[in-house]
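Student: Got query-v7.pdb for you, PDB, C-alpha atoms:
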ATOM      1  CA  MET A   1       0.000   0.000   0.000
ATOM      2  CA  ILE A   2       1.197   3.471  -0.821
ATOM      3  CA  ARG A   3       1.908   5.785   2.115
ATOM      4  CA  PHE A   4      -0.253   8.887   1.946
ATOM      5  CA  LYS A   5       0.586  12.061   3.820
ATOM      6  CA  GLN A   6      -2.088  14.012   5.659
ATOM      7  CA  GLY A   7      -4.097  16.275   3.410
ATOM      8  CA  LYS A   8      -6.745  16.422   0.727
ATOM      9  CA  ILE A   9      -7.059  14.034  -2.175
ATOM     10  CA  LEU A  10      -9.267  14.508  -5.204
ATOM     11  CA  VAL A  11     -10.828  11.229  -6.339
ATOM     12  CA  VAL A  12     -12.131  11.057  -9.901
ATOM     13  CA  ALA A  13     -14.190   7.868 -10.026
ATOM     14  CA  PRO A  14     -17.824   6.742 -10.196
ATOM     15  CA  ALA A  15     -17.763   5.901  -6.454
ATOM     16  CA  THR A  16     -15.174   6.266  -3.717
ATOM     17  CA  SER A  17     -16.089   2.883  -2.248
ATOM     18  CA  LEU A  18     -14.367   1.182  -5.200
ATOM     19  CA  ILE A  19     -10.983   2.784  -4.503
ATOM     20  CA  PRO A  20      -8.926   2.097  -1.366
ATOM     21  CA  ILE A  21      -8.276   5.426   0.314
ATOM     22  CA  PRO A  22      -6.731   5.703   3.787
ATOM     23  CA  ALA A  23      -8.848   7.108   6.591
ATOM     24  CA  ASN A  24      -6.437   9.990   7.287
ATOM     25  CA  LYS A  25      -7.266  11.717   3.997
ATOM     26  CA  SER A  26      -9.877  14.385   3.332
ATOM     27  CA  VAL A  27     -11.607  13.118   0.216
ATOM     28  CA  ILE A  28     -13.064  15.324  -2.482
ATOM     29  CA  HIS A  29     -15.033  13.146  -4.889
ATOM     30  CA  ILE A  30     -16.135  14.023  -8.412
ATOM     31  CA  ALA A  31     -17.456  11.772 -11.155
ATOM     32  CA  ASN A  32     -17.078  14.141 -14.099
ATOM     33  CA  ALA A  33     -13.730  14.659 -15.826
ATOM     34  CA  GLY A  34     -14.778  18.148 -16.895
ATOM     35  CA  ARG A  35     -14.932  19.283 -13.253
ATOM     36  CA  ILE A  36     -11.355  18.266 -12.341
ATOM     37  CA  PHE A  37      -9.612  21.580 -12.918
ATOM     38  CA  PRO A  38     -12.237  23.870 -11.352
ATOM     39  CA  VAL A  39     -12.189  21.630  -8.260
ATOM     40  CA  ILE A  40      -8.353  21.691  -8.163
ATOM     41  CA  ASN A  41      -8.375  25.491  -8.268
ATOM     42  CA  GLU A  42     -11.049  25.681  -5.565
ATOM     43  CA  PHE A  43      -9.807  23.088  -3.048
ATOM     44  CA  LYS A  44      -6.065  22.820  -3.876
ATOM     45  CA  PRO A  45      -5.678  19.083  -3.127
ATOM     46  CA  ASP A  46      -2.344  17.434  -2.319
ATOM     47  CA  GLY A  47      -3.043  14.531  -4.661
ATOM     48  CA  ILE A  48      -5.342  13.304  -7.406
ATOM     49  CA  MET A  49      -6.559   9.714  -7.701
ATOM     50  CA  LEU A  50      -7.690   8.932 -11.239
ATOM     51  CA  ASP A  51      -9.714   5.793 -11.959
ATOM     52  CA  HIS A  52      -8.243   4.754 -15.312
ATOM     53  CA  ASP A  53     -10.982   2.202 -16.003
ATOM     54  CA  TYR A  54     -13.654   4.871 -15.518
ATOM     55  CA  LEU A  55     -11.979   7.782 -17.321
ATOM     56  CA  GLY A  56     -10.548   5.858 -20.266
ATOM     57  CA  ASN A  57      -9.185   8.270 -22.896
ATOM     58  CA  ASP A  58      -9.872  11.290 -20.682
ATOM     59  CA  THR A  59      -7.020  10.124 -18.441
ATOM     60  CA  GLU A  60      -4.466  11.118 -21.067
ATOM     61  CA  LYS A  61      -6.066  14.539 -21.586
ATOM     62  CA  VAL A  62      -6.108  15.241 -17.843
ATOM     63  CA  LEU A  63      -2.492  14.150 -17.389
ATOM     64  CA  ARG A  64      -1.276  16.253 -20.305
ATOM     65  CA  ARG A  65      -3.025  19.319 -18.911
ATOM     66  CA  LEU A  66      -1.567  18.682 -15.440
ATOM     67  CA  ALA A  67       1.934  18.389 -16.911
ATOM     68  CA  ALA A  68       1.568  21.525 -19.049
ATOM     69  CA  ASN A  69       0.738  23.900 -16.183
ATOM     70  CA  PRO A  70       3.397  24.589 -13.509
ATOM     71  CA  PHE A  71       0.619  25.446 -10.992
ATOM     72  CA  TYR A  72      -0.153  21.713 -10.752
ATOM     73  CA  SER A  73       3.465  20.561 -10.355
ATOM     74  CA  LYS A  74       3.234  19.871  -6.586
ATOM     75  CA  ILE A  75       0.144  17.662  -6.906
ATOM     76  CA  LYS A  76       0.873  13.933  -6.672
ATOM     77  CA  VAL A  77      -0.955  11.836  -9.257
ATOM     78  CA  TYR A  78      -2.198   8.356  -8.386
ATOM     79  CA  CYS A  79      -3.812   6.021 -10.904
ATOM     80  CA  TYR A  80      -6.178   3.232  -9.908
ATOM     81  CA  LYS A  81      -6.444   0.380 -12.401
ATOM     82  CA  SER A  82      -8.010  -3.054 -12.345
ATOM     83  CA  ALA A  83      -4.852  -4.774 -13.620
ATOM     84  CA  SER A  84      -1.315  -3.879 -14.610
ATOM     85  CA  ASN A  85      -0.315  -3.452 -18.238
ATOM     86  CA  THR A  86       3.321  -2.578 -18.904
ATOM     87  CA  LYS A  87       2.649  -0.695 -22.130
ATOM     88  CA  VAL A  88      -0.171   1.480 -20.763
ATOM     89  CA  ASP A  89       1.506   1.942 -17.375
ATOM     90  CA  GLY A  90       4.725   3.123 -19.008
ATOM     91  CA  PHE A  91       2.810   5.625 -21.100
ATOM     92  CA  LEU A  92       0.904   6.949 -18.067
ATOM     93  CA  LYS A  93       4.137   7.208 -16.079
ATOM     94  CA  VAL A  94       5.661   9.353 -18.827
ATOM     95  CA  LEU A  95       2.565  11.574 -18.691
ATOM     96  CA  GLY A  96       3.019  12.157 -14.966
ATOM     97  CA  VAL A  97       1.453   9.361 -12.920
ATOM     98  CA  GLN A  98       3.656   8.822  -9.872
ATOM     99  CA  TYR A  99       1.907   5.871  -8.209
ATOM    100  CA  PHE A 100      -0.242   3.013  -9.466
ATOM    101  CA  ILE A 101      -2.759   1.122  -7.359
ATOM    102  CA  TYR A 102      -4.052  -2.110  -8.829
ATOM    103  CA  ALA A 103      -7.313  -3.761  -7.798
ATOM    104  CA  GLU A 104      -5.756  -7.217  -8.118
ATOM    105  CA  ASP A 105      -2.971  -6.257  -5.671
ATOM    106  CA  GLU A 106      -5.489  -4.893  -3.173
ATOM    107  CA  LYS A 107      -7.413  -8.191  -3.306
ATOM    108  CA  LYS A 108      -4.196 -10.142  -2.695
ATOM    109  CA  GLN A 109      -3.294  -7.938   0.281
ATOM    110  CA  ALA A 110      -6.780  -8.308   1.768
ATOM    111  CA  LYS A 111      -6.591 -12.090   1.388
ATOM    112  CA  GLN A 112      -3.126 -12.156   2.985
ATOM    113  CA  LYS A 113      -4.361 -10.053   5.911
ATOM    114  CA  ASN A 114      -7.308 -12.411   6.400
ATOM    115  CA  ASN A 115      -4.957 -15.405   6.435
ATOM    116  CA  THR A 116      -2.676 -13.696   8.962
ATOM    117  CA  VAL A 117      -5.585 -12.808  11.250
ATOM    118  CA  LYS A 118      -6.912 -16.352  11.000
ATOM    119  CA  ALA A 119      -3.513 -17.830  11.910
ATOM    120  CA  LEU A 120      -3.129 -15.474  14.878
ATOM    121  CA  SER A 121      -6.610 -16.246  16.170
ATOM    122  CA  GLU A 122      -5.919 -19.981  15.914
ATOM    123  CA  MET A 123      -2.674 -19.552  17.878
ATOM    124  CA  LEU A 124      -4.419 -17.507  20.576
ATOM    125  CA  GLU A 125      -7.257 -19.999  20.772
ATOM    126  CA  ALA A 126      -4.826 -22.909  21.164
ATOM    127  CA  SER A 127      -2.900 -21.124  23.934
ATOM    128  CA  MET A 128      -6.136 -20.201  25.743
ATOM    129  CA  ILE A 129      -7.386 -23.784  25.583
ATOM    130  CA  SER A 130      -4.101 -25.146  26.923
ATOM    131  CA  THR A 131      -4.119 -22.564  29.745
ATOM    132  CA  LEU A 132      -7.697 -23.411  30.662
ATOM    133  CA  ALA A 133      -6.942 -27.145  30.507
ATOM    134  CA  ASP A 134      -3.974 -26.688  32.867
ATOM    135  CA  ALA A 135      -6.095 -24.700  35.297
ATOM    136  CA  GLY A 136      -8.736 -27.424  35.365
ATOM    137  CA  TYR A 137      -6.366 -30.086  36.704
TER     138      TYR A 137
END
Would you kindly transcribe this structure into structure tokens?

Tutor:
Amino acid sequence: MIRFKQGKILVVAPATSLIPIPANKSVIHIANAGRIFPVINEFKPDGIMLDHDYLGNDTEKVLRRLAANPFYSKIKVYCYKSASNTKVDGFLKVLGVQYFIYAEDEKKQAKQKNNTVKALSEMLEASMISTLADAGY
């Protein structure tokens, strides 16, 4: 998972529930690509999360406009995608995307966390049972 600093993040996606965003962020959500730049000028976010699957070809237009204006140079650009693709990812990186978040990676991390929690609970349960069994004798 990418480490986010405190601050505001602009999320351009159909719904924020689809994209993993840390709790320490102030989220500004829009679903229309035409509203990105007025919202940036109004709220001055620290980062922008673009849903590549939702925006499609508009992603390139937005990134080119961000790169062309020095006012936007301090804004970190994150791109959320369903899967990695080396050709597309390389192109987006050249256009200014600094971090990629993949849905498939998030699913793997969630599954790994569930397995870790399950293993820890089994260990705690076994130690509790042995302690209770010793106390009974």

Student: Neighbouring residues of Phe91 (chain A) were defined as those with any atom within 12 Å, considering all atoms listed in the file; residues of the same chain fewer than 5 positions away were excluded. Please report them as an NGL selection string.

Tutor: :A and (59-60 or 63-64 or 85-86 or 96-98)

Student: Interatomic distance between CA of Ser82 (chain A) and CA of Ile36 (chain A)?

Tutor: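 These two atoms are separated by 21.6 Å.
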
Student: Between CA of Tyr80 (chain A) and CA of Pro38 (chain A), what distance in Å does the model show, to one decimal?

Tutor: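 So the answer is 21.6 Å.
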
Student: Would you pick out the contacts of region 8-20 of chain A at 6 Å or less, using all atoms listed in the file, so that residues sharing its chain but fewer than 4 positions from it are not included, and give the list as a PyMOL selection string?

Tutor: chain A and resi 25-31+45-51

Student: Neighbours of region 100-104 of chain A within 6 Å (only C-alpha atoms; same-chain residues fewer than 3 positions away dropped), as an MDAnalysis selection string?

Tutor: chainID A and resid 78:83 107

Student: Would you mind reading off the distance between CA of Gly34 (chain A) and CA of Gly90 (chain A), one decimal, in Å?

Tutor: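 These two atoms are separated by 24.7 Å.
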
Student: Under the rule that all atoms listed in the file are counted, which of A:Ile21, A:Leu55, A:Lys61, A:Ile75 is the nearest residue to Ile40 (chain A)?

Tutor: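 Selected residue with least distance to Ile40 (chain A): A:Ile75.
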
Student: Using all atoms listed in the file, which residue out of A:Pro70, A:Gly56, A:Asn41, A:Val77 lies closest to Val94 (chain A)?

Tutor: A:Val77
